[in-house]
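*Asks:* So here's final.cif, just mmCIF, C-alpha atoms:
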```
data_target
#
loop_
_atom_site.label_atom_id
_atom_site.label_comp_id
_atom_site.auth_asym_id
_atom_site.auth_seq_id
_atom_site.Cartn_x
_atom_site.Cartn_y
_atom_site.Cartn_z
CA MET A 180 -5.27 -16.25 35.21
CA SER A 181 -7.42 -19.35 35.54
CA SER A 182 -8.26 -21.44 32.51
CA LYS A 183 -11.95 -20.55 32.99
CA LEU A 184 -11.13 -16.83 32.89
CA ASN A 185 -8.77 -17.42 29.98
CA THR A 186 -11.53 -19.18 28.04
CA ARG A 187 -13.98 -16.34 28.73
CA TYR A 188 -11.41 -13.75 27.67
CA LEU A 189 -10.70 -15.56 24.40
CA THR A 190 -14.40 -16.20 23.75
CA ARG A 191 -15.31 -12.53 24.24
CA ALA A 192 -12.42 -11.45 22.01
CA ALA A 193 -13.56 -13.90 19.33
CA VAL A 194 -17.17 -12.71 19.50
CA ILE A 195 -16.05 -9.08 19.16
CA ALA A 196 -13.84 -10.02 16.19
CA ALA A 197 -16.71 -11.88 14.51
CA LEU A 198 -19.12 -8.99 15.07
CA TYR A 199 -16.58 -6.57 13.63
CA VAL A 200 -16.21 -8.68 10.48
CA VAL A 201 -19.97 -9.16 9.97
CA LEU A 202 -20.70 -5.47 10.49
CA THR A 203 -17.87 -4.42 8.15
CA TYR A 204 -19.08 -6.74 5.41
CA LEU A 205 -22.61 -5.42 5.91
CA ALA A 206 -21.30 -1.87 5.40
CA GLY A 207 -19.31 -3.17 2.41
CA LEU A 208 -22.50 -4.40 0.76
CA MET A 209 -23.66 -0.77 0.86
CA ASN A 210 -20.27 0.48 -0.39
CA LEU A 211 -19.58 2.16 2.97
CA ALA A 212 -16.67 0.11 4.33
CA TYR A 213 -13.67 1.17 2.26
CA GLY A 214 -12.48 4.35 0.59
CA PRO A 215 -12.49 8.03 1.49
CA VAL A 216 -16.12 8.03 2.62
CA GLN A 217 -16.49 5.32 5.25
CA PHE A 218 -19.36 4.51 7.54
CA ARG A 219 -18.27 1.15 8.94
CA PHE A 220 -20.92 0.08 11.41
CA SER A 221 -18.24 -2.13 12.98
CA GLU A 222 -16.35 0.95 14.15
CA ALA A 223 -19.07 1.48 16.77
CA LEU A 224 -17.44 -1.47 18.54
CA THR A 225 -14.20 0.48 18.95
CA VAL A 226 -15.56 1.93 22.21
CA LEU A 227 -15.58 -1.53 23.79
CA PRO A 228 -11.97 -1.44 25.09
CA PHE A 229 -13.24 1.18 27.54
CA LEU A 230 -15.16 -1.66 29.25
CA PHE A 231 -13.45 -4.86 28.08
CA PRO A 232 -9.68 -5.37 27.76
CA GLU A 233 -10.33 -8.35 25.49
CA ALA A 234 -11.88 -6.01 22.95
CA VAL A 235 -8.36 -4.88 21.98
CA PRO A 236 -7.29 -8.16 20.34
CA GLY A 237 -10.86 -8.81 19.18
CA LEU A 238 -11.05 -5.52 17.28
CA PHE A 239 -7.59 -6.00 15.81
CA VAL A 240 -8.29 -9.52 14.55
CA GLY A 241 -11.71 -8.45 13.24
CA CYS A 242 -10.15 -5.56 11.34
CA VAL A 243 -7.42 -7.77 9.86
CA VAL A 244 -10.01 -10.25 8.60
CA SER A 245 -12.25 -7.44 7.31
CA ASN A 246 -9.40 -5.79 5.45
CA ILE A 247 -8.58 -8.95 3.53
CA LEU A 248 -11.28 -7.86 1.05
CA SER A 249 -10.13 -4.24 0.98
CA PRO A 250 -9.57 -2.81 -2.50
CA TYR A 251 -6.34 -1.28 -1.11
CA GLY A 252 -4.79 -4.71 -0.53
CA VAL A 253 -1.91 -5.32 1.83
CA LEU A 254 -1.56 -1.61 2.49
CA ASP A 255 -4.97 -1.46 4.17
CA LEU A 256 -4.37 -4.80 5.84
CA VAL A 257 -1.33 -3.30 7.58
CA VAL A 258 -2.16 0.40 8.01
CA GLY A 259 -5.91 0.08 8.61
CA SER A 260 -5.43 -2.74 11.09
CA ALA A 261 -2.64 -0.82 12.86
CA ALA A 262 -4.98 2.19 13.17
CA THR A 263 -7.60 -0.01 14.82
CA LEU A 264 -5.05 -1.60 17.17
CA LEU A 265 -3.62 1.76 18.24
CA ALA A 266 -7.12 3.18 18.71
CA ALA A 267 -8.19 0.18 20.80
CA LEU A 268 -5.11 0.43 23.04
CA TRP A 269 -5.68 4.16 23.50
CA THR A 270 -9.40 3.71 24.17
CA ALA A 271 -8.59 1.14 26.87
CA LYS A 272 -6.61 3.88 28.65
CA CYS A 273 -9.44 6.46 28.53
CA ARG A 274 -10.82 7.53 31.88
CA SER A 275 -13.98 9.16 30.52
CA ARG A 276 -16.60 7.33 28.46
CA TYR A 277 -17.20 10.57 26.54
CA LEU A 278 -13.61 10.44 25.30
CA ALA A 279 -13.68 6.70 24.49
CA PRO A 280 -14.81 7.26 20.86
CA LEU A 281 -12.11 9.86 20.22
CA PRO A 282 -9.05 7.58 19.75
CA PRO A 283 -10.61 5.67 16.81
CA VAL A 284 -11.57 8.97 15.18
CA VAL A 285 -8.05 10.40 15.49
CA CYS A 286 -6.18 7.19 14.56
CA ASN A 287 -8.31 6.45 11.50
CA MET A 288 -8.37 10.05 10.38
CA LEU A 289 -4.59 10.27 10.42
CA LEU A 290 -3.46 6.76 9.46
CA VAL A 291 -6.21 5.75 7.03
CA GLY A 292 -6.34 9.31 5.65
CA ALA A 293 -2.59 9.14 4.94
CA MET A 294 -2.86 5.63 3.47
CA LEU A 295 -5.60 6.69 1.07
CA ALA A 296 -3.69 9.85 0.12
CA TRP A 297 -0.58 7.83 -0.63
CA TYR A 298 -2.63 5.34 -2.65
CA GLU A 299 -4.16 8.18 -4.68
CA ALA A 300 -1.21 10.56 -5.09
CA GLY A 301 1.96 8.91 -3.82
CA PHE A 302 4.25 11.27 -1.96
CA GLY A 303 4.17 13.78 -4.80
CA ALA A 304 2.79 17.28 -4.93
CA GLY A 305 -0.80 16.11 -4.55
CA PHE A 306 -0.23 14.22 -1.30
CA LEU A 307 -1.10 17.02 1.12
CA ALA A 308 -4.33 17.93 -0.67
CA ALA A 309 -5.31 14.25 -0.91
CA PHE A 310 -4.43 13.76 2.76
CA ALA A 311 -6.51 16.77 3.84
CA TYR A 312 -9.52 15.49 1.90
CA ASN A 313 -9.21 11.87 3.04
CA ALA A 314 -8.49 12.76 6.66
CA LEU A 315 -11.56 14.99 6.70
CA THR A 316 -13.90 12.44 5.11
CA VAL A 317 -12.60 9.40 7.00
CA GLY A 318 -12.59 11.41 10.23
CA ALA A 319 -16.17 12.62 9.67
CA GLY A 320 -17.44 9.09 9.02
CA GLU A 321 -15.57 7.74 12.02
CA LEU A 322 -16.85 10.55 14.22
CA ALA A 323 -20.42 9.82 13.16
CA VAL A 324 -20.17 6.07 13.74
CA CYS A 325 -18.25 6.25 17.01
CA TYR A 326 -20.39 8.93 18.61
CA LEU A 327 -23.81 8.19 17.07
CA LEU A 328 -23.60 4.39 17.33
CA GLY A 329 -20.70 3.68 19.70
CA MET A 330 -21.73 6.03 22.52
CA PRO A 331 -25.27 4.60 22.77
CA LEU A 332 -23.77 1.10 22.76
CA LEU A 333 -21.46 2.08 25.61
CA HIS A 334 -24.36 3.73 27.46
CA VAL A 335 -26.55 0.63 27.16
CA LEU A 336 -23.78 -1.71 28.31
CA GLU A 337 -22.89 0.50 31.27
CA GLY A 338 -26.58 0.92 32.14
CA ARG A 339 -26.89 -2.85 32.38
CA GLY A 340 -23.85 -3.03 34.60
CA VAL A 341 -21.81 -4.82 31.96
CA SER A 342 -18.04 -4.61 32.23
CA GLY A 343 -15.10 -6.91 31.79
CA SER A 344 -14.95 -7.62 35.51
CA SER A 345 -18.72 -8.22 35.85
CA LEU A 346 -18.59 -10.97 33.24
CA ALA A 347 -15.64 -12.86 34.67
#
```
Could I get this file's structure written as structure tokens?
*Replies:*
Amino acid sequence: MSSKLNTRYLTRAAVIAALYVVLTYLAGLMNLAYGPVQFRFSEALTVLPFLFPEAVPGLFVGCVVSNILSPYGVLDLVVGSAATLLAALWTAKCRSRYLAPLPPVVCNMLLVGAMLAWYEAGFGAGFLAAFAYNALTVGAGELAVCYLLGMPLLHVLEGRGVSGSSLA
């Protein structure tokens, strides 16, 4: 990989990370970024690994930085960021743009739903009920953001002929 391509890769990853942080903090100002009901505008960016491989580290770094202010502390820093990383890696493997938003929905629903359930109820008797509730609400918010905001973003970028290889 040439240094010019390396620089472009790192720059795109950094821009994606910065956008993720700004959009998460914007959602946070409206109390939509953390908790069982989430509508993180930044999650619309999770479709980008379908087009850009550099979106994977960009999304992960952006999520780590965003979760520094999470009310769930280190737990969200680790679990929430892992959910975003796994979703980004899975999205990069998608063959259909219509399926590209699905990995973030599934990963966040399961991992963040479980994290919130553990935070609320521990692994006691209330865990399964708390998990069902949190998985449903986190999944619904993620589904809305990824399909209502992420799919149009993907459509616009593809319509303009934008892809990782076209920007190299």
*Asks:* If the PyMOL selection byres ((chain A and resi 265) around 10) were run on this exact file, what residues would it hold? Put them as number ranges by chain.
*Replies:* A: 235, 239, 260-264, 266-271, 282-283, 286-287
*Asks:* Kindly give the distance, in Å, that separates atom CA of Ile195 of chain A and atom CA of Leu336 of chain A, rounded to a single decimal.
*Replies:*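 According to the coordinates, atom CA of Ile195 of chain A and atom CA of Leu336 of chain A are separated by 14.1 Å.
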*Asks:* What lies within 6 Å of segment 199-201 of chain A using all atoms listed in the file, ignoring chain neighbours under 2 positions off, as a PyMOL selection string?
*Replies:* chain A and resi 196-197+203-204+221+241+245
*Asks:* Name the closest residue to Pro331 of chain A among the candidates A:Val240, A:Val284, A:Ala279, A:Ala192; distances are taken between atoms, counting all atoms listed in the file.
*Replies:*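 Using all atoms listed in the file, the shortest distance to Pro331 of chain A belongs to A:Ala279.
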*Asks:* Report as JSON, numbers by chain the full result of the PyMOL selection byres ((chain A and resi 224) around 8) when it is applied to this structure.
*Replies:* {"A": [195, 199, 221, 222, 223, 225, 226, 227, 238, 325, 329]}
*Asks:* How about saving the chosen residues, C-alpha atoms kept, as a PDB file, keeping the file's coordinate frame?
*Replies:*
```
ATOM      1  CA  ILE A 195     -16.050  -9.080  19.160  1.00  0.00           C
ATOM      2  CA  TYR A 199     -16.580  -6.570  13.630  1.00  0.00           C
ATOM      3  CA  SER A 221     -18.240  -2.130  12.980  1.00  0.00           C
ATOM      4  CA  GLU A 222     -16.350   0.950  14.150  1.00  0.00           C
ATOM      5  CA  ALA A 223     -19.070   1.480  16.770  1.00  0.00           C
ATOM      6  CA  THR A 225     -14.200   0.480  18.950  1.00  0.00           C
ATOM      7  CA  VAL A 226     -15.560   1.930  22.210  1.00  0.00           C
ATOM      8  CA  LEU A 227     -15.580  -1.530  23.790  1.00  0.00           C
ATOM      9  CA  LEU A 238     -11.050  -5.520  17.280  1.00  0.00           C
ATOM     10  CA  CYS A 325     -18.250   6.250  17.010  1.00  0.00           C
ATOM     11  CA  GLY A 329     -20.700   3.680  19.700  1.00  0.00           C
TER      12      GLY A 329
END
```
*Asks:* Which residues match the PyMOL selection byres ((chain A and resi 309-321) around 8) in the file above, as number ranges by chain?
*Replies:* A: 215-219, 222, 283-285, 287-289, 291-293, 295-297, 299-300, 305-308, 322-325
*Asks:* Write the residues you've just listed into a file as an mmCIF file, in the frame of the given file, and include C-alpha atoms for each of them.
*Replies:*
```
data_model
loop_
_atom_site.group_PDB
_atom_site.id
_atom_site.type_symbol
_atom_site.label_atom_id
_atom_site.label_comp_id
_atom_site.auth_asym_id
_atom_site.auth_seq_id
_atom_site.Cartn_x
_atom_site.Cartn_y
_atom_site.Cartn_z
ATOM 1 C CA PRO A 215 -12.490 8.030 1.490
ATOM 2 C CA VAL A 216 -16.120 8.030 2.620
ATOM 3 C CA GLN A 217 -16.490 5.320 5.250
ATOM 4 C CA PHE A 218 -19.360 4.510 7.540
ATOM 5 C CA ARG A 219 -18.270 1.150 8.940
ATOM 6 C CA GLU A 222 -16.350 0.950 14.150
ATOM 7 C CA PRO A 283 -10.610 5.670 16.810
ATOM 8 C CA VAL A 284 -11.570 8.970 15.180
ATOM 9 C CA VAL A 285 -8.050 10.400 15.490
ATOM 10 C CA ASN A 287 -8.310 6.450 11.500
ATOM 11 C CA MET A 288 -8.370 10.050 10.380
ATOM 12 C CA LEU A 289 -4.590 10.270 10.420
ATOM 13 C CA VAL A 291 -6.210 5.750 7.030
ATOM 14 C CA GLY A 292 -6.340 9.310 5.650
ATOM 15 C CA ALA A 293 -2.590 9.140 4.940
ATOM 16 C CA LEU A 295 -5.600 6.690 1.070
ATOM 17 C CA ALA A 296 -3.690 9.850 0.120
ATOM 18 C CA TRP A 297 -0.580 7.830 -0.630
ATOM 19 C CA GLU A 299 -4.160 8.180 -4.680
ATOM 20 C CA ALA A 300 -1.210 10.560 -5.090
ATOM 21 C CA GLY A 305 -0.800 16.110 -4.550
ATOM 22 C CA PHE A 306 -0.230 14.220 -1.300
ATOM 23 C CA LEU A 307 -1.100 17.020 1.120
ATOM 24 C CA ALA A 308 -4.330 17.930 -0.670
ATOM 25 C CA LEU A 322 -16.850 10.550 14.220
ATOM 26 C CA ALA A 323 -20.420 9.820 13.160
ATOM 27 C CA VAL A 324 -20.170 6.070 13.740
ATOM 28 C CA CYS A 325 -18.250 6.250 17.010
#
```
*Asks:* How many Å lie between atom CA of Leu248 of chain A and atom CA of Val194 of chain A, rounded to one decimal?
*Replies:*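 Interatomic distance here is 20.0 Å.
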*Asks:* Quick one, how far is atom CA of Ser249 of chain A from atom CA of Leu333 of chain A?
*Replies:* 27.8 Å
*Asks:* What would the list of residues within 10 Å of (-15.7, -13.0, 26.4) (file frame) look like as a list in words, if all atoms listed in the file are what count?
*Replies:* Leu184, Asn185, Thr186, Arg187, Tyr188, Leu189, Thr190, Arg191, Ala192, Ala193, Val194, Ile195, Phe231, Pro232, Glu233, Ala234, Gly237, Gly343, Leu346 and Ala347 of chain A
*Asks:* May I have the selected residues written with C-alpha atoms, as a tab-separated table (two decimals), keeping the file's coordinate frame?
*Replies:*
```
chain	number	residue	atom	x	y	z
A	184	LEU	CA	-11.13	-16.83	32.89
A	185	ASN	CA	-8.77	-17.42	29.98
A	186	THR	CA	-11.53	-19.18	28.04
A	187	ARG	CA	-13.98	-16.34	28.73
A	188	TYR	CA	-11.41	-13.75	27.67
A	189	LEU	CA	-10.70	-15.56	24.40
A	190	THR	CA	-14.40	-16.20	23.75
A	191	ARG	CA	-15.31	-12.53	24.24
A	192	ALA	CA	-12.42	-11.45	22.01
A	193	ALA	CA	-13.56	-13.90	19.33
A	194	VAL	CA	-17.17	-12.71	19.50
A	195	ILE	CA	-16.05	-9.08	19.16
A	231	PHE	CA	-13.45	-4.86	28.08
A	232	PRO	CA	-9.68	-5.37	27.76
A	233	GLU	CA	-10.33	-8.35	25.49
A	234	ALA	CA	-11.88	-6.01	22.95
A	237	GLY	CA	-10.86	-8.81	19.18
A	343	GLY	CA	-15.10	-6.91	31.79
A	346	LEU	CA	-18.59	-10.97	33.24
A	347	ALA	CA	-15.64	-12.86	34.67
```
*Asks:* Nearest to Met330 of chain A among A:Asn210, A:Met294, A:Asn246, A:Phe229, with distances taken over all atoms listed in the file: which residue is it?
*Replies:*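 Of A:Asn210, A:Met294, A:Asn246, A:Phe229, the one nearest Met330 of chain A is A:Phe229, counting all atoms listed in the file.
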*Asks:* Which centre and edge lengths in Å to one decimal define the box along x, y and z that fits every listed atom of segment 296-311 of chain A plus 8 Å per side, as lines of an AutoDock Vina configuration file?
*Replies:*
```
center_x = -1.1
center_y = 11.6
center_z = -0.6
size_x = 26.8
size_y = 28.6
size_z = 24.9
```
*Asks:* Nearest to Leu290 of chain A among A:Ala304, A:Leu230, A:Cys273, A:Leu254, with distances taken over all atoms listed in the file: which residue is it?
*Replies:*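 Residue with the minimum atom-to-atom distance to Leu290 of chain A: A:Leu254.
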